[in-house]
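Participant: Okay, here's the structure, questions in a sec.
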Amino acid sequence: PALQMTSLICTLQDHGDDVNWCAFTAKLLATCSGDKTLRIYNTCDFSELPFSPLSGHGYSVHCCCFSTCGQFLASCSTDATTLVWSMDTGEIEAVLEHPGRSPVRICALSPDSAHLVSGASDGTLALWDFPSKQLRRTGAVNDTTLVACSFSPCSQVFMTGSTYGDLRLWDLDMNQLHAEKNAHDLGVTCCTFAPTILSGGQVVQFHLASCGQDSLLKIWAINKFNSGAYKMQLLHTLTGQSAPVLSCAYSSDGQLLVSGSVDKTVTVYDAKNAVLLYTLNQHERYVTACSFSPTSPLIATGSMDKTVNIWRLEDECSGHGGKSLPEKSTLTSSEGRTSVGRSKLLVSDWSEEDVSAWLVEEGLGGLVDKFTANNIDGTELLSLTKETLASELHIG
């Protein structure tokens, strides 16, 4: 029955080779391909824009991403460049030549549009100032190819993933903040930060999804402590696909997670509860790309079958606990903060800081000191009784 909750609304068949990536704004969909071109569609009716296709790369185009305002599109290629295109005219605004002239496999723009990162086949990373298009920093991961990159919603850090299987967190000075060495056996294929920031007490938390050649999709929590230290913990391992998972993407409210696989399927999960909602079967070859529209309940998926499918999530999927995408998502979902208390599924997993944050939310801030003094975390909170509240905490 879950299959009736999504409908295929159109199939775009304009590319002459594998589709490698797709990206949305509210108004536009961009796709890129091994055919050296990008194509730009209007999301109203999925008609192609007059200036599409975009031709400028000399070889396969691996990745493309929009600036948050939707005015610019960046794309990177085996030709060792990242191009910046105007979405008003389709003209090339800038050519960013990767230092070392290695094929550029991945590019990512920060949500504040201040920075662009490009990652290459030789493991080198370049951080560009996006407004001026100037090279700011370079870095490298030795003996591997960089194939995944995503900026945090705060724009201050970014994660990279490589064919070696590691996920690495960097700051804007190209300092490595954390390395998760064996995130995916046989290699990472994609990683993407959830758009929400969870904040409470001494810690700020981000969520990140990653997928790989091990056929797994993983959801991680990345905790930043007041000390400046970062810690990464695995929250969920999703096993809905039977072959390498090549791409993953969050919805703009962080509630849903989509992934595409070598098994030709597209899976949609409830990201908070790690529950498989739908499996979509339409592509004839590997699904290499997937993306959610930021404002409509639409998903685009791209494949080595040279097509891009556009799916609509129907309203009935609110039967799955109201997880359908609103027609117009509010800005607060990506810019605002979700309460940390409800971000963790089990109260028993809450830290003391989570309990404090929850007390403040519930208007019980006056109790924070007492609870902290008694080291009450989620597990302790669950075991509290009226008696212990009265006798030990003198609340009653």
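By convention in this document, the chains of the structure tokens carry letters A, B, ... by their order, each chain's residues are numbered from 1, and ligands are numbered from 1 in the order they are shown.
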For Asp377 (chain A), work out the shell of residues within 12 Å, counting only C-alpha atoms and skipping chain neighbours fewer than 2 positions away, then give it as a ChimeraX atom specification.

Facilitator: /A:341,346-359,368,371-375,379-384

Participant: Quick one: everything within 8 Å of region 251-262 of chain A, counting only C-alpha atoms, minus sequence neighbours fewer than 3 positions away in the same chain. Send it as a ChimeraX atom specification.

Facilitator: /A:194-196,215,217,241,243-248,265-272,285-295,301,323,325,329,333-334

Participant: Mind writing the picked residues with N, CA and C atoms as a tab-separated table (two decimals), in the first residue's frame?

Facilitator:
chain	number	residue	atom	x	y	z
A	194	ALA	N	21.82	17.08	7.65
A	194	ALA	CA	20.42	17.47	7.82
A	194	ALA	C	20.38	18.99	8.01
A	195	PRO	N	19.28	19.63	7.60
A	195	PRO	CA	19.24	21.09	7.65
A	195	PRO	C	19.05	21.68	9.05
A	196	THR	N	18.73	20.84	10.03
A	196	THR	CA	18.40	21.37	11.35
A	196	THR	C	19.60	21.36	12.29
A	215	SER	N	26.47	-0.97	0.97
A	215	SER	CA	25.01	-1.07	0.83
A	215	SER	C	24.25	-0.48	2.02
A	217	LEU	N	23.04	2.87	4.52
A	217	LEU	CA	22.78	4.30	4.71
A	217	LEU	C	22.84	4.52	6.22
A	241	GLN	N	18.29	-1.26	1.21
A	241	GLN	CA	18.73	-1.54	-0.16
A	241	GLN	C	19.76	-2.67	-0.18
A	243	ALA	N	22.26	-3.36	-2.45
A	243	ALA	CA	23.50	-3.17	-3.20
A	243	ALA	C	24.04	-1.79	-2.82
A	244	PRO	N	25.24	-1.43	-3.27
A	244	PRO	CA	25.80	-0.12	-2.89
A	244	PRO	C	24.79	1.03	-3.03
A	245	VAL	N	24.79	1.90	-2.02
A	245	VAL	CA	23.90	3.07	-2.01
A	245	VAL	C	24.74	4.25	-2.51
A	246	LEU	N	24.31	4.88	-3.59
A	246	LEU	CA	25.15	5.86	-4.29
A	246	LEU	C	24.86	7.30	-3.94
A	247	SER	N	23.65	7.58	-3.44
A	247	SER	CA	23.32	8.98	-3.15
A	247	SER	C	22.28	9.05	-2.04
A	248	CYS	N	22.32	10.16	-1.30
A	248	CYS	CA	21.32	10.37	-0.24
A	248	CYS	C	21.05	11.85	-0.09
A	265	THR	N	16.73	0.78	-6.97
A	265	THR	CA	15.61	1.32	-6.19
A	265	THR	C	15.93	2.69	-5.61
A	266	VAL	N	14.84	3.38	-5.26
A	266	VAL	CA	14.91	4.62	-4.48
A	266	VAL	C	14.16	4.33	-3.19
A	267	THR	N	14.79	4.62	-2.05
A	267	THR	CA	14.08	4.41	-0.78
A	267	THR	C	13.88	5.75	-0.09
A	268	VAL	N	12.72	5.89	0.55
A	268	VAL	CA	12.41	7.09	1.33
A	268	VAL	C	12.17	6.65	2.77
A	269	TYR	N	12.92	7.27	3.68
A	269	TYR	CA	12.83	6.94	5.10
A	269	TYR	C	12.29	8.11	5.90
A	270	ASP	N	11.62	7.77	6.99
A	270	ASP	CA	11.35	8.73	8.05
A	270	ASP	C	12.69	8.86	8.81
A	271	ALA	N	13.34	10.02	8.67
A	271	ALA	CA	14.71	10.16	9.19
A	271	ALA	C	14.76	10.16	10.71
A	272	LYS	N	13.73	10.71	11.35
A	272	LYS	CA	13.75	10.81	12.81
A	272	LYS	C	13.66	9.42	13.44
A	285	ARG	N	18.47	1.19	-14.43
A	285	ARG	CA	19.88	0.98	-14.06
A	285	ARG	C	20.16	1.65	-12.71
A	286	TYR	N	21.43	1.67	-12.30
A	286	TYR	CA	21.82	2.24	-11.00
A	286	TYR	C	21.20	3.62	-10.80
A	287	VAL	N	20.72	3.88	-9.58
A	287	VAL	CA	20.23	5.22	-9.23
A	287	VAL	C	21.39	5.99	-8.60
A	288	THR	N	21.86	7.00	-9.31
A	288	THR	CA	23.09	7.71	-8.95
A	288	THR	C	22.85	9.02	-8.21
A	289	ALA	N	21.60	9.53	-8.27
A	289	ALA	CA	21.35	10.88	-7.78
A	289	ALA	C	19.94	10.98	-7.20
A	290	CYS	N	19.79	11.81	-6.17
A	290	CYS	CA	18.44	12.07	-5.63
A	290	CYS	C	18.44	13.41	-4.93
A	291	SER	N	17.30	14.07	-4.97
A	291	SER	CA	17.19	15.38	-4.35
A	291	SER	C	15.73	15.69	-4.03
A	292	PHE	N	15.49	16.38	-2.91
A	292	PHE	CA	14.15	16.87	-2.56
A	292	PHE	C	14.00	18.32	-2.99
A	293	SER	N	12.82	18.67	-3.47
A	293	SER	CA	12.50	20.09	-3.64
A	293	SER	C	12.42	20.73	-2.26
A	294	PRO	N	12.93	21.97	-2.12
A	294	PRO	CA	12.86	22.63	-0.81
A	294	PRO	C	11.45	23.10	-0.44
A	295	THR	N	10.57	23.23	-1.41
A	295	THR	CA	9.27	23.86	-1.14
A	295	THR	C	8.05	23.03	-1.51
A	301	THR	N	15.06	11.88	-9.02
A	301	THR	CA	16.06	10.81	-8.97
A	301	THR	C	16.70	10.66	-10.34
A	323	LYS	N	4.15	12.66	8.13
A	323	LYS	CA	5.49	12.96	7.64
A	323	LYS	C	5.49	13.51	6.20
A	325	LEU	N	5.48	16.15	3.19
A	325	LEU	CA	6.10	17.46	3.11
A	325	LEU	C	5.02	18.50	2.93
A	329	SER	N	7.24	24.92	2.66
A	329	SER	CA	7.93	24.70	3.92
A	329	SER	C	8.37	26.06	4.45
A	333	SER	N	12.31	25.95	9.40
A	333	SER	CA	12.71	24.54	9.53
A	333	SER	C	14.20	24.37	9.30
A	334	SER	N	14.76	25.11	8.34
A	334	SER	CA	16.18	24.93	8.11
A	334	SER	C	17.01	25.92	8.90

Participant: So that I can check the secondary structure, give me every residue of region 193-383 of chain A assigned alpha helix (DSSP H) by backbone DSSP, as a PyMOL selection string.

Facilitator: chain A and resi 332-335+340-343+352-361+368-373+378-383

Participant: Just how far from CA of Leu135 (chain A) is CA of Asn223 (chain A), in Å to one decimal?

Facilitator: 29.1 Å

Participant: With distances taken over only C-alpha atoms, which of A:Asp185, A:Asp122, A:Asp143, A:Asp17 is nearest to Ala80 (chain A)?

Facilitator: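 Checking each candidate against Ala80 (chain A), we get A:Asp122 as the closest.
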
Participant: Which residue is closest to Thr144 (chain A)? Choose from A:Val360, A:Met159, A:Leu186, A:Leu172 and count only C-alpha atoms.

Facilitator: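 Checking each candidate against Thr144 (chain A), we get A:Leu186 as the closest.
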
Participant: So that I can check the surroundings of Ser113 (chain A), please list as a ChimeraX atom specification every protein, DNA and RNA residue that reaches within 9 Å of it, counting only C-alpha atoms and ignoring chain neighbours fewer than 3 positions away.

Facilitator: /A:67-69,109-110,116,129-131,155

Participant: From the list A:Asn182, A:Leu28, A:Leu49, A:His115, which residue is nearest Gln134 (chain A) when using only C-alpha atoms?

Facilitator: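 Of A:Asn182, A:Leu28, A:Leu49, A:His115, the one nearest Gln134 (chain A) is A:His115, counting only C-alpha atoms.
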
Participant: For Leu83 (chain A), find every residue with an atom within 8 Å (counting only C-alpha atoms), except residues of its own chain fewer than 2 positions away, and show them as an MDAnalysis selection string.

Facilitator: chainID A and resid 57 74:76 81 85 92:96

Participant: Using only C-alpha atoms, which of the listed residues (A:Cys154, A:Leu169, A:Leu8, A:Leu73) sits closest to Asp88 (chain A)?

Facilitator: A:Leu73

Participant: May I ask for the distance between CA of Thr160 (chain A) and CA of Asp112 (chain A), given in Å to one decimal place?

Facilitator: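 Between CA of Thr160 (chain A) and CA of Asp112 (chain A) the gap is 18.4 Å.
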
Participant: Between A:Leu367, A:Thr237, A:Asp18, A:Pro153, which one has atoms that come closest to His394 (chain A), using only C-alpha atoms?

Facilitator: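 Smallest separation from His394 (chain A) among the options: A:Leu367.
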
Participant: Could you go through region 5-44 of chain A and tell me which residues DSSP, when run on the backbone, assigns to strand (DSSP E), listing them as a VMD selection string?

Facilitator: chain A and resid 6 to 12 19 to 24 28 to 33 37 to 42

Participant: Using only C-alpha atoms, can you tell me which of A:Gly56, A:Gly366, A:Gly161, A:Gly187 comes closest to Gly212 (chain A)?

Facilitator: A:Gly187
